[in-house]
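Below is the file target-v2.cif, which contains mmCIF, C-alpha atoms.
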data_coords
loop_
_atom_site.label_atom_id
_atom_site.label_comp_id
_atom_site.auth_asym_id
_atom_site.auth_seq_id
_atom_site.Cartn_x
_atom_site.Cartn_y
_atom_site.Cartn_z
CA MET A 28 125.24 67.68 81.81
CA VAL A 29 123.29 66.89 84.96
CA GLN A 30 124.88 65.48 88.10
CA LYS A 31 125.41 61.80 87.46
CA LYS A 32 122.76 59.65 89.14
CA GLU A 33 122.62 55.92 89.55
CA ILE A 34 121.20 54.84 86.25
CA SER A 35 119.69 51.46 85.42
CA LYS A 36 121.17 49.16 82.80
CA SER A 37 117.91 49.31 80.84
CA VAL A 38 118.12 53.11 80.52
CA LEU A 39 121.76 52.76 79.54
CA LYS A 40 120.81 50.37 76.78
CA ARG A 41 118.37 52.83 75.26
CA LEU A 42 120.75 55.81 75.17
CA PRO A 43 122.86 54.67 72.17
CA GLY A 44 119.66 54.35 70.15
CA TYR A 45 118.67 57.95 70.89
CA LEU A 46 122.18 59.06 70.09
CA ALA A 47 122.30 57.27 66.75
CA TYR A 48 118.95 58.76 65.74
CA LEU A 49 119.93 62.30 66.75
CA LYS A 50 123.30 62.11 64.99
CA ASN A 51 121.74 60.81 61.81
CA MET A 52 119.01 63.43 61.44
CA PRO A 53 119.16 65.40 58.18
CA GLU A 54 121.32 68.54 58.35
CA ASP A 55 118.33 70.78 57.60
CA SER A 56 116.32 69.49 60.59
CA PRO A 57 115.12 72.13 63.08
CA PRO A 58 117.67 72.78 65.86
CA HIS A 59 115.31 71.60 68.60
CA ILE A 60 113.73 68.20 69.17
CA SER A 61 111.16 67.21 71.79
CA ALA A 62 111.03 63.94 73.72
CA THR A 63 107.66 63.34 72.03
CA ALA A 64 109.12 63.69 68.54
CA LEU A 65 112.02 61.38 69.42
CA ALA A 66 109.65 58.82 70.95
CA ASN A 67 107.43 58.85 67.85
CA ALA A 68 110.38 58.50 65.50
CA LEU A 69 111.71 55.47 67.39
CA GLY A 70 108.33 53.86 68.08
CA MET A 71 108.85 54.13 71.84
CA GLY A 72 106.75 55.38 74.74
CA GLU A 73 106.79 59.14 75.26
CA VAL A 74 107.01 58.94 79.06
CA GLN A 75 109.98 56.60 78.93
CA VAL A 76 111.92 58.76 76.49
CA ARG A 77 111.15 61.90 78.51
CA LYS A 78 112.42 60.28 81.73
CA ASP A 79 115.53 58.85 80.07
CA LEU A 80 116.55 62.19 78.57
CA ALA A 81 115.97 64.02 81.85
CA LEU A 82 118.47 61.66 83.50
CA VAL A 83 121.32 62.66 81.20
CA SER A 84 120.54 66.23 80.20
CA ASP A 85 118.98 69.26 81.87
CA GLY A 86 118.66 71.11 78.56
CA GLY A 87 114.98 70.33 77.99
CA ARG A 88 112.63 73.34 77.75
CA PRO A 89 108.80 73.04 77.99
CA LYS A 90 107.10 73.11 74.56
CA ILE A 91 110.48 73.56 72.79
CA GLY A 92 112.38 70.43 73.69
CA TYR A 93 116.12 69.96 73.59
CA LEU A 94 118.69 71.70 71.44
CA ARG A 95 119.76 68.74 69.35
CA GLU A 96 123.50 69.46 69.40
CA GLY A 97 123.46 69.92 73.16
CA LEU A 98 121.55 66.70 73.73
CA ILE A 99 124.01 64.77 71.55
CA GLU A 100 126.88 66.19 73.60
CA ASP A 101 125.19 65.33 76.90
CA ILE A 102 124.48 61.73 75.88
CA GLU A 103 128.01 61.25 74.51
CA GLN A 104 129.51 62.67 77.67
CA PHE A 105 127.28 60.44 79.78
CA LEU A 106 128.27 57.35 77.82
CA GLY A 107 131.93 58.26 78.01
CA TYR A 108 132.30 58.43 74.22
CA ASP A 109 134.26 61.66 74.63
CA ASN A 110 136.92 59.79 76.65
CA THR A 111 138.98 57.08 75.02
CA THR A 112 138.87 53.69 76.69
CA ASP A 113 141.89 51.51 76.01
CA ALA A 114 141.28 47.79 75.75
CA VAL A 115 143.14 44.58 75.08
CA LEU A 116 141.75 41.60 73.22
CA VAL A 117 142.46 37.94 74.03
CA GLY A 118 142.14 35.48 71.15
CA ALA A 119 143.50 36.53 67.75
CA GLY A 120 141.33 34.19 65.67
CA ARG A 121 139.04 35.34 62.85
CA LEU A 122 136.60 37.20 65.07
CA GLY A 123 139.36 38.70 67.22
CA CYS A 124 141.25 40.00 64.20
CA ALA A 125 138.06 41.38 62.69
CA LEU A 126 137.40 43.38 65.86
CA LEU A 127 141.06 44.43 66.18
CA GLY A 128 141.01 45.89 62.68
CA TYR A 129 137.53 47.43 62.89
CA SER A 130 137.86 51.21 62.89
CA GLY A 131 134.20 51.85 63.74
CA PHE A 132 134.81 51.51 67.48
CA GLU A 133 136.68 54.81 67.60
CA GLU A 134 133.37 56.62 67.29
CA TYR A 135 132.40 55.09 70.64
CA GLY A 136 135.68 55.94 72.33
CA LEU A 137 137.04 52.38 72.24
CA ASN A 138 140.67 51.89 71.33
CA ILE A 139 141.88 48.29 71.12
CA LEU A 140 145.61 48.58 71.77
CA ALA A 141 146.67 45.00 71.03
CA ALA A 142 145.53 41.40 70.71
CA PHE A 143 147.03 38.49 72.65
CA ASP A 144 147.15 34.83 71.71
CA SER A 145 148.75 31.67 73.06
CA ASP A 146 149.74 30.57 69.54
CA PRO A 147 153.28 31.86 68.78
CA ASP A 148 152.50 31.68 65.02
CA LYS A 149 149.93 34.45 65.39
CA VAL A 150 152.39 36.91 66.96
CA GLY A 151 153.14 39.90 64.72
CA THR A 152 150.98 42.72 63.45
CA ASP A 153 147.55 42.53 61.87
CA GLU A 154 146.58 44.16 58.55
CA SER A 155 145.78 47.45 60.26
CA GLY A 156 149.22 47.49 61.88
CA LYS A 157 148.07 46.69 65.41
CA PRO A 158 150.27 44.34 67.45
CA ILE A 159 149.38 40.71 68.17
CA LEU A 160 151.45 39.65 71.17
CA HIS A 161 152.03 36.40 73.00
CA ILE A 162 149.66 35.88 75.93
CA GLY A 163 152.68 35.74 78.24
CA LYS A 164 153.07 39.49 77.78
CA LEU A 165 149.49 40.31 78.83
CA GLN A 166 150.24 41.19 82.45
CA SER A 167 153.14 43.57 81.81
CA PHE A 168 151.27 45.22 78.91
CA CYS A 169 148.10 45.81 80.92
CA LYS A 170 150.04 47.23 83.87
CA SER A 171 152.20 49.57 81.78
CA HIS A 172 149.25 50.83 79.69
CA LYS A 173 146.85 50.90 82.66
CA VAL A 174 144.27 48.93 80.65
CA LEU A 175 140.89 48.43 82.34
CA MET A 176 138.87 46.72 79.60
CA GLY A 177 139.39 43.27 78.14
CA ILE A 178 137.71 41.68 75.13
CA VAL A 179 137.38 37.89 75.07
CA THR A 180 137.29 36.29 71.62
CA VAL A 181 138.75 32.85 72.40
CA PRO A 182 136.73 29.65 71.85
CA ALA A 183 134.16 28.87 74.55
CA ALA A 184 136.35 26.24 76.22
CA HIS A 185 139.10 28.78 76.95
CA ALA A 186 136.97 31.79 77.76
CA GLN A 187 136.95 31.46 81.56
CA ALA A 188 140.74 31.02 81.64
CA ALA A 189 141.13 34.13 79.46
CA ALA A 190 138.79 36.10 81.72
CA ASP A 191 140.70 34.94 84.82
CA GLN A 192 143.97 36.10 83.27
CA LEU A 193 142.47 39.48 82.39
CA MET A 194 141.14 39.96 85.92
CA GLU A 195 144.59 39.11 87.37
CA CYS A 196 145.94 41.92 85.17
CA GLY A 197 143.61 44.46 86.79
CA ILE A 198 140.86 44.49 84.15
CA LYS A 199 137.56 45.86 85.52
CA ALA A 200 135.23 45.26 82.55
CA ILE A 201 135.05 42.33 80.15
CA TRP A 202 133.35 42.30 76.75
CA ASN A 203 132.68 38.62 76.18
CA PHE A 204 132.15 37.31 72.64
CA ALA A 205 132.49 33.65 73.66
CA PRO A 206 129.11 31.89 73.92
CA VAL A 207 129.60 30.92 77.58
CA HIS A 208 128.81 32.29 81.01
CA LEU A 209 131.87 33.80 82.70
CA ASP A 210 132.31 33.78 86.47
CA ALA A 211 133.49 37.10 87.85
CA PRO A 212 133.32 38.91 91.20
CA PRO A 213 130.59 41.56 91.53
CA HIS A 214 132.86 44.58 90.94
CA ILE A 215 133.85 43.26 87.51
CA LEU A 216 131.29 43.89 84.76
CA VAL A 217 130.89 41.14 82.17
CA GLN A 218 128.96 42.26 79.09
CA ASN A 219 128.03 39.37 76.82
CA GLN A 220 127.89 39.93 73.08
CA ASN A 221 126.43 36.62 72.27
CA MET A 222 126.11 36.20 68.54
CA ALA A 223 125.11 32.57 68.98
CA THR A 224 122.10 33.72 70.98
CA SER A 225 121.04 36.13 68.26
CA LEU A 226 121.41 33.44 65.66
CA ALA A 227 119.31 31.07 67.73
CA VAL A 228 116.49 33.62 68.00
CA LEU A 229 116.60 34.32 64.25
CA SER A 230 116.83 30.69 63.28
CA VAL A 231 113.89 29.57 65.43
CA HIS A 232 111.80 32.44 64.03
CA LEU A 233 112.55 31.29 60.48
CA GLN A 234 111.71 27.68 61.32
CA ALA A 235 108.34 28.81 62.66
CA GLN A 236 107.78 30.93 59.53
CA MET A 237 108.55 28.07 57.20
CA LYS A 238 106.47 25.46 58.99
CA PRO A 239 103.00 26.39 57.66
CA LYS A 240 104.39 26.59 54.14
CA LYS A 241 105.91 23.13 54.40
CA GLU A 242 102.64 21.71 55.63
CA LEU A 243 100.83 23.23 52.68
CA GLU A 244 103.32 21.68 50.31
CA GLN A 245 102.74 18.17 51.61
CA MET B 19 113.31 15.65 70.39
CA VAL B 20 110.03 16.63 71.97
CA GLN B 21 107.12 18.10 70.08
CA LYS B 22 107.94 21.73 69.51
CA LYS B 23 106.10 24.03 71.92
CA GLU B 24 105.81 27.77 71.91
CA ILE B 25 108.98 28.82 73.63
CA SER B 26 109.77 32.21 75.11
CA LYS B 27 112.59 34.39 73.85
CA SER B 28 114.23 34.26 77.26
CA VAL B 29 114.44 30.45 77.19
CA LEU B 30 115.76 30.66 73.65
CA LYS B 31 118.50 32.99 74.78
CA ARG B 32 119.71 30.55 77.43
CA LEU B 33 119.91 27.50 75.15
CA PRO B 34 123.12 28.47 73.32
CA GLY B 35 124.85 28.82 76.69
CA TYR B 36 123.90 25.27 77.71
CA LEU B 37 124.99 24.03 74.31
CA ALA B 38 128.39 25.71 74.48
CA TYR B 39 129.02 24.27 77.94
CA LEU B 40 127.97 20.75 76.96
CA LYS B 41 130.04 20.78 73.78
CA ASN B 42 133.11 22.01 75.58
CA MET B 43 133.13 19.48 78.41
CA PRO B 44 136.34 17.40 78.63
CA GLU B 45 136.26 14.21 76.56
CA ASP B 46 136.64 12.03 79.66
CA SER B 47 133.52 13.47 81.34
CA PRO B 48 130.84 10.94 82.36
CA PRO B 49 128.29 10.32 79.58
CA HIS B 50 125.37 11.66 81.64
CA ILE B 51 124.77 15.12 83.06
CA SER B 52 121.95 16.27 85.33
CA ALA B 53 120.14 19.61 85.18
CA THR B 54 121.50 20.26 88.68
CA ALA B 55 125.11 19.75 87.60
CA LEU B 56 124.60 21.99 84.56
CA ALA B 57 122.94 24.68 86.70
CA ASN B 58 125.82 24.62 89.20
CA ALA B 59 128.45 24.79 86.48
CA LEU B 60 126.81 27.83 84.91
CA GLY B 61 125.87 29.57 88.16
CA MET B 62 122.17 29.39 87.29
CA GLY B 63 119.04 28.32 89.14
CA GLU B 64 118.37 24.58 89.13
CA VAL B 65 114.62 24.90 88.56
CA GLN B 66 115.12 27.15 85.55
CA VAL B 67 117.65 24.85 83.91
CA ARG B 68 115.46 21.80 84.57
CA LYS B 69 112.44 23.49 82.94
CA ASP B 70 114.44 24.77 79.98
CA LEU B 71 115.91 21.37 79.19
CA ALA B 72 112.51 19.65 79.49
CA LEU B 73 111.21 21.99 76.78
CA VAL B 74 113.73 20.84 74.20
CA SER B 75 114.52 17.26 75.17
CA ASP B 76 112.61 14.33 76.62
CA GLY B 77 115.81 12.40 77.30
CA GLY B 78 116.06 13.25 81.02
CA ARG B 79 115.97 10.30 83.46
CA PRO B 80 115.38 10.72 87.24
CA LYS B 81 118.63 10.59 89.26
CA ILE B 82 120.67 9.98 86.08
CA GLY B 83 120.05 13.08 84.02
CA TYR B 84 120.54 13.45 80.29
CA LEU B 85 122.87 11.56 78.00
CA ARG B 86 125.16 14.42 77.05
CA GLU B 87 125.43 13.58 73.34
CA GLY B 88 121.64 13.23 73.05
CA LEU B 89 121.03 16.52 74.81
CA ILE B 90 123.50 18.32 72.52
CA GLU B 91 121.70 16.89 69.50
CA ASP B 92 118.27 17.90 70.83
CA ILE B 93 119.35 21.49 71.55
CA GLU B 94 121.06 21.81 68.15
CA GLN B 95 118.01 20.47 66.39
CA PHE B 96 115.78 22.81 68.34
CA LEU B 97 117.94 25.81 67.46
CA GLY B 98 118.06 24.81 63.83
CA TYR B 99 121.85 24.46 63.81
CA ASP B 100 121.53 21.20 61.92
CA ASN B 101 119.81 23.05 59.05
CA THR B 102 121.74 25.62 57.09
CA THR B 103 120.19 29.07 56.92
CA ASP B 104 121.24 31.10 53.91
CA ALA B 105 121.59 34.83 54.41
CA VAL B 106 122.56 37.94 52.51
CA LEU B 107 124.38 40.91 53.97
CA VAL B 108 123.78 44.56 53.07
CA GLY B 109 126.71 46.93 53.59
CA ALA B 110 130.18 45.73 52.62
CA GLY B 111 132.13 48.07 54.89
CA ARG B 112 134.66 46.90 57.48
CA LEU B 113 132.14 45.21 59.75
CA GLY B 114 130.21 43.68 56.85
CA CYS B 115 133.35 42.22 55.31
CA ALA B 116 134.49 40.90 58.69
CA LEU B 117 131.20 39.05 59.08
CA LEU B 118 131.20 37.87 55.46
CA GLY B 119 134.62 36.29 55.91
CA TYR B 120 134.00 34.89 59.38
CA SER B 121 133.89 31.11 59.21
CA GLY B 122 132.68 30.66 62.79
CA PHE B 123 129.03 31.07 61.81
CA GLU B 124 128.98 27.72 60.03
CA GLU B 125 128.91 26.03 63.41
CA TYR B 126 125.53 27.69 64.00
CA GLY B 127 124.14 26.78 60.60
CA LEU B 128 124.48 30.28 59.14
CA ASN B 129 125.77 30.60 55.60
CA ILE B 130 126.24 34.14 54.28
CA LEU B 131 125.94 33.74 50.51
CA ALA B 132 126.90 37.24 49.40
CA ALA B 133 127.24 40.86 50.44
CA PHE B 134 125.56 43.79 48.67
CA ASP B 135 126.66 47.41 48.52
CA SER B 136 125.59 50.56 46.70
CA ASP B 137 129.23 51.50 46.02
CA PRO B 138 130.28 50.06 42.62
CA ASP B 139 133.94 50.14 43.75
CA LYS B 140 133.22 47.47 46.36
CA VAL B 141 131.81 44.99 43.86
CA GLY B 142 133.98 41.89 43.42
CA THR B 143 134.94 39.10 45.78
CA ASP B 144 136.19 39.37 49.34
CA GLU B 145 139.33 37.67 50.69
CA SER B 146 137.44 34.48 51.43
CA GLY B 147 136.15 34.37 47.85
CA LYS B 148 132.56 35.32 48.62
CA PRO B 149 130.84 37.65 46.16
CA ILE B 150 130.19 41.34 46.84
CA LEU B 151 127.42 42.43 44.46
CA HIS B 152 125.77 45.71 43.60
CA ILE B 153 122.64 46.44 45.65
CA GLY B 154 120.65 46.53 42.40
CA LYS B 155 121.02 42.76 42.21
CA LEU B 156 119.59 42.12 45.68
CA GLN B 157 116.03 41.33 44.60
CA SER B 158 116.87 38.81 41.88
CA PHE B 159 119.51 37.14 44.07
CA CYS B 160 117.16 36.73 47.05
CA LYS B 161 114.36 35.36 44.87
CA SER B 162 116.55 32.87 43.01
CA HIS B 163 118.31 31.65 46.17
CA LYS B 164 115.13 31.76 48.31
CA VAL B 165 116.95 33.74 51.00
CA LEU B 166 114.98 34.43 54.19
CA MET B 167 117.58 36.12 56.39
CA GLY B 168 119.20 39.50 55.90
CA ILE B 169 122.09 41.04 57.82
CA VAL B 170 122.26 44.83 58.02
CA THR B 171 125.75 46.32 58.41
CA VAL B 172 125.25 49.72 56.76
CA PRO B 173 125.72 52.98 58.72
CA ALA B 174 122.82 53.96 60.98
CA ALA B 175 121.46 56.57 58.55
CA HIS B 176 120.92 53.95 55.82
CA ALA B 177 119.77 51.04 57.97
CA GLN B 178 116.00 51.50 57.60
CA ALA B 179 116.32 51.80 53.81
CA ALA B 180 118.39 48.61 53.74
CA ALA B 181 115.84 46.81 55.91
CA ASP B 182 112.99 48.00 53.66
CA GLN B 183 114.80 46.66 50.59
CA LEU B 184 115.40 43.31 52.29
CA MET B 185 111.73 43.00 53.28
CA GLU B 186 110.69 43.76 49.70
CA CYS B 187 112.89 40.85 48.66
CA GLY B 188 110.96 38.43 50.90
CA ILE B 189 113.33 38.41 53.89
CA LYS B 190 111.61 37.21 57.09
CA ALA B 191 114.34 37.81 59.68
CA ILE B 192 116.82 40.66 59.98
CA TRP B 193 120.03 40.64 62.01
CA ASN B 194 120.67 44.33 62.61
CA PHE B 195 124.19 45.52 63.44
CA ALA B 196 123.36 49.21 62.88
CA PRO B 197 122.82 51.11 66.15
CA VAL B 198 119.26 52.18 65.29
CA HIS B 199 115.73 50.95 65.78
CA LEU B 200 114.29 49.39 62.61
CA ASP B 201 110.59 49.53 61.80
CA ALA B 202 109.20 46.20 60.60
CA PRO B 203 105.80 44.53 60.49
CA PRO B 204 105.09 41.99 63.29
CA HIS B 205 105.79 38.88 61.20
CA ILE B 206 109.35 40.04 60.51
CA LEU B 207 111.82 39.40 63.33
CA VAL B 208 114.45 42.07 63.88
CA GLN B 209 117.28 40.92 66.14
CA ASN B 210 119.54 43.77 67.20
CA GLN B 211 123.23 43.09 67.74
CA ASN B 212 123.97 46.43 69.17
CA MET B 213 127.67 46.73 69.88
CA ALA B 214 127.25 50.42 70.72
CA THR B 215 124.91 49.42 73.54
CA SER B 216 127.43 46.97 74.97
CA LEU B 217 130.15 49.57 74.77
CA ALA B 218 127.96 52.08 76.59
CA VAL B 219 127.32 49.64 79.43
CA LEU B 220 131.03 48.81 79.73
CA SER B 221 132.15 52.41 79.48
CA VAL B 222 129.77 53.71 82.14
CA HIS B 223 130.85 50.88 84.46
CA LEU B 224 134.51 51.87 84.03
CA GLN B 225 133.74 55.53 84.66
CA ALA B 226 132.04 54.57 87.93
CA GLN B 227 135.02 52.35 88.86
CA MET B 228 137.56 55.07 88.22
CA LYS B 229 135.71 57.81 90.07
CA PRO B 230 136.70 56.90 93.68
CA LYS B 231 140.33 56.50 92.57
CA LYS B 232 140.35 59.94 90.99
CA GLU B 233 138.94 61.48 94.17
CA LEU B 234 141.69 59.87 96.20
CA GLU B 235 144.34 61.20 93.88
CA GLN B 236 143.20 64.78 94.30
#
Would you write out, as structure tokens, the structure that this file holds?
Amino acid sequence: MVQKKEISKSVLKRLPGYLAYLKNMPEDSPPHISATALANALGMGEVQVRKDLALVSDGGRPKIGYLREGLIEDIEQFLGYDNTTDAVLVGAGRLGCALLGYSGFEEYGLNILAAFDSDPDKVGTDESGKPILHIGKLQSFCKSHKVLMGIVTVPAAHAQAAADQLMECGIKAIWNFAPVHLDAPPHILVQNQNMATSLAVLSVHLQAQMKPKKELEQ
Amino acid sequence: MVQKKEISKSVLKRLPGYLAYLKNMPEDSPPHISATALANALGMGEVQVRKDLALVSDGGRPKIGYLREGLIEDIEQFLGYDNTTDAVLVGAGRLGCALLGYSGFEEYGLNILAAFDSDPDKVGTDESGKPILHIGKLQSFCKSHKVLMGIVTVPAAHAQAAADQLMECGIKAIWNFAPVHLDAPPHILVQNQNMATSLAVLSVHLQAQMKPKKELEQ
């Protein structure tokens, strides 16, 4: 792996796509892959892909490309997938429990240790055996497990309060599933996973698609 | 509601945030809210908020602002939340089942009718009583229910094949949870909900945060 440089968020967002493609190539693929081949496969610009790969790996050879296995390793190392990140989740509703029990995150190095909720009736263990604890235990849990990532899955109205509690517990990065803006100081990263936004984009596209048809029907 | 204009994706992405804030204001809030007040509450630029709101509602009055209830209605109507969009889901693994059983989407007008999987052992009903059908039934189901939205929750290696099948069934919008780029013709909207990307951004931020601490410890 190359010496870590400051890397822009837009580069960072493209890396998981490269990784997924490389990891899902057929087993009988040739051992090397060029930036050009990767760019063509993903419908992206060749120059962009070449620059992105050079930022995370120095394994590229002219006219040969990258050894696929080595490139996968370099991207995974860069993205921290080879280290496990422990996280806590606040809000053990339907979405929170779905995320708590979802085993697919392990592949990305994310380990959700426990969920927290203010509702005493939710305290216990979920189907996968992970603990759901009362929110009052958040601080001591985060300190003793040295947790740095928090996941917010409470309703929008309670999301800022949940984020504030997490930050008081020493959390440095928040994955926000609530459809609201969260205030946080600059050294705390808030990453929004706004499903409502995606649904809005999809829904408006469908409305536009259906419009001409409706007009024809009249 | 105003006459629908062409609206950019970036405006579209901000609307659900306004909506969530407006819907979650305390019950005893004044009936009117100005673009300035909304901008301040969300830490956004006043000019941007003012322009965005004018695109979806003509209810704004100088020095008074918008009637909150009316503005909520206008945004919901614009985003199509008042119409139900039927969708099918391909890939009844952990994530697929979590989404299938998640009731929170109703609020956004999304109704997932059924999940489809190529594994005959998964066929049946999920915990919430929704059907999981064999992928062979996708075409007839989509035609008879006039489904226009498809949700892809299969592993990355099978995502393009799933998308191709959905498009053959007349799907016009795809919500893609697989961490890969999907090829689609221009009239089909692919909205990526890439959790792997979010995790990469969070993970790299945490690595950068921990670095100085580690150096001090040495």
task: Could you please tell me, as number ranges by chain, which residues of chain A have an atom within 6 Å of chain B when using only C-alpha atoms?
output: A: 40, 43-44, 51, 106, 125, 184, 206-207, 224, 227, 231
message: Once the PyMOL selection byres ((chain B and resi 131-139) around 10) has been evaluated on this model, what residues remain selected, and can you format them as a ChimeraX atom specification?
response: /B:103-111,114-115,117-118,128-130,140-144,147-156,159-160,163,165,168-172,180
Could you dump the residues just selected with C-alpha atoms as a short mmCIF file (atom, residue, chain, number, x, y, z; two decimals), keeping the file's coordinate frame?
data_model
loop_
_atom_site.label_atom_id
_atom_site.label_comp_id
_atom_site.auth_asym_id
_atom_site.auth_seq_id
_atom_site.Cartn_x
_atom_site.Cartn_y
_atom_site.Cartn_z
CA THR B 103 120.19 29.07 56.92
CA ASP B 104 121.24 31.10 53.91
CA ALA B 105 121.59 34.83 54.41
CA VAL B 106 122.56 37.94 52.51
CA LEU B 107 124.38 40.91 53.97
CA VAL B 108 123.78 44.56 53.07
CA GLY B 109 126.71 46.93 53.59
CA ALA B 110 130.18 45.73 52.62
CA GLY B 111 132.13 48.07 54.89
CA GLY B 114 130.21 43.68 56.85
CA CYS B 115 133.35 42.22 55.31
CA LEU B 117 131.20 39.05 59.08
CA LEU B 118 131.20 37.87 55.46
CA LEU B 128 124.48 30.28 59.14
CA ASN B 129 125.77 30.60 55.60
CA ILE B 130 126.24 34.14 54.28
CA LYS B 140 133.22 47.47 46.36
CA VAL B 141 131.81 44.99 43.86
CA GLY B 142 133.98 41.89 43.42
CA THR B 143 134.94 39.10 45.78
CA ASP B 144 136.19 39.37 49.34
CA GLY B 147 136.15 34.37 47.85
CA LYS B 148 132.56 35.32 48.62
CA PRO B 149 130.84 37.65 46.16
CA ILE B 150 130.19 41.34 46.84
CA LEU B 151 127.42 42.43 44.46
CA HIS B 152 125.77 45.71 43.60
CA ILE B 153 122.64 46.44 45.65
CA GLY B 154 120.65 46.53 42.40
CA LYS B 155 121.02 42.76 42.21
CA LEU B 156 119.59 42.12 45.68
CA PHE B 159 119.51 37.14 44.07
CA CYS B 160 117.16 36.73 47.05
CA HIS B 163 118.31 31.65 46.17
CA VAL B 165 116.95 33.74 51.00
CA GLY B 168 119.20 39.50 55.90
CA ILE B 169 122.09 41.04 57.82
CA VAL B 170 122.26 44.83 58.02
CA THR B 171 125.75 46.32 58.41
CA VAL B 172 125.25 49.72 56.76
CA ALA B 180 118.39 48.61 53.74
#
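For the atom pair formed by atom CA of Lys69 of chain B and atom CA of Glu124 of chain B, the distance is 28.6 Å, given to one decimal.
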task: Using atom CA of Tyr93 of chain A and atom CA of Val76 of chain A as the two end points, give the distance in Å to one decimal.
output: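 These atoms are spaced 12.3 Å apart.
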- request: List, as a PyMOL selection string, every residue that the PyMOL selection byres ((chain A and resi 94) around 7) selects in the file provided.
  value: chain A and resi 58-60+92-93+95-98
- request: Kindly extract all protein, DNA and RNA residues lying within 8 Å of the coordinates (116.8, 65.9, 77.0) given in the file, considering all atoms listed in the file, and supply them as a PyMOL selection string.
  value: chain A and resi 61-62+77+79-87+92-93+98
query: atom CA of Ala190 of chain A and atom CA of Gln66 of chain B are how many Å apart?
result: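 We find that atom CA of Ala190 of chain A and atom CA of Gln66 of chain B lie 25.6 Å from each other.
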Of the listed residues B:Ala202, B:Cys187, B:Val65, B:Ala177, that which approaches Lys164 of chain B most closely, counting all atoms listed in the file: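 Closest candidate: B:Cys187.
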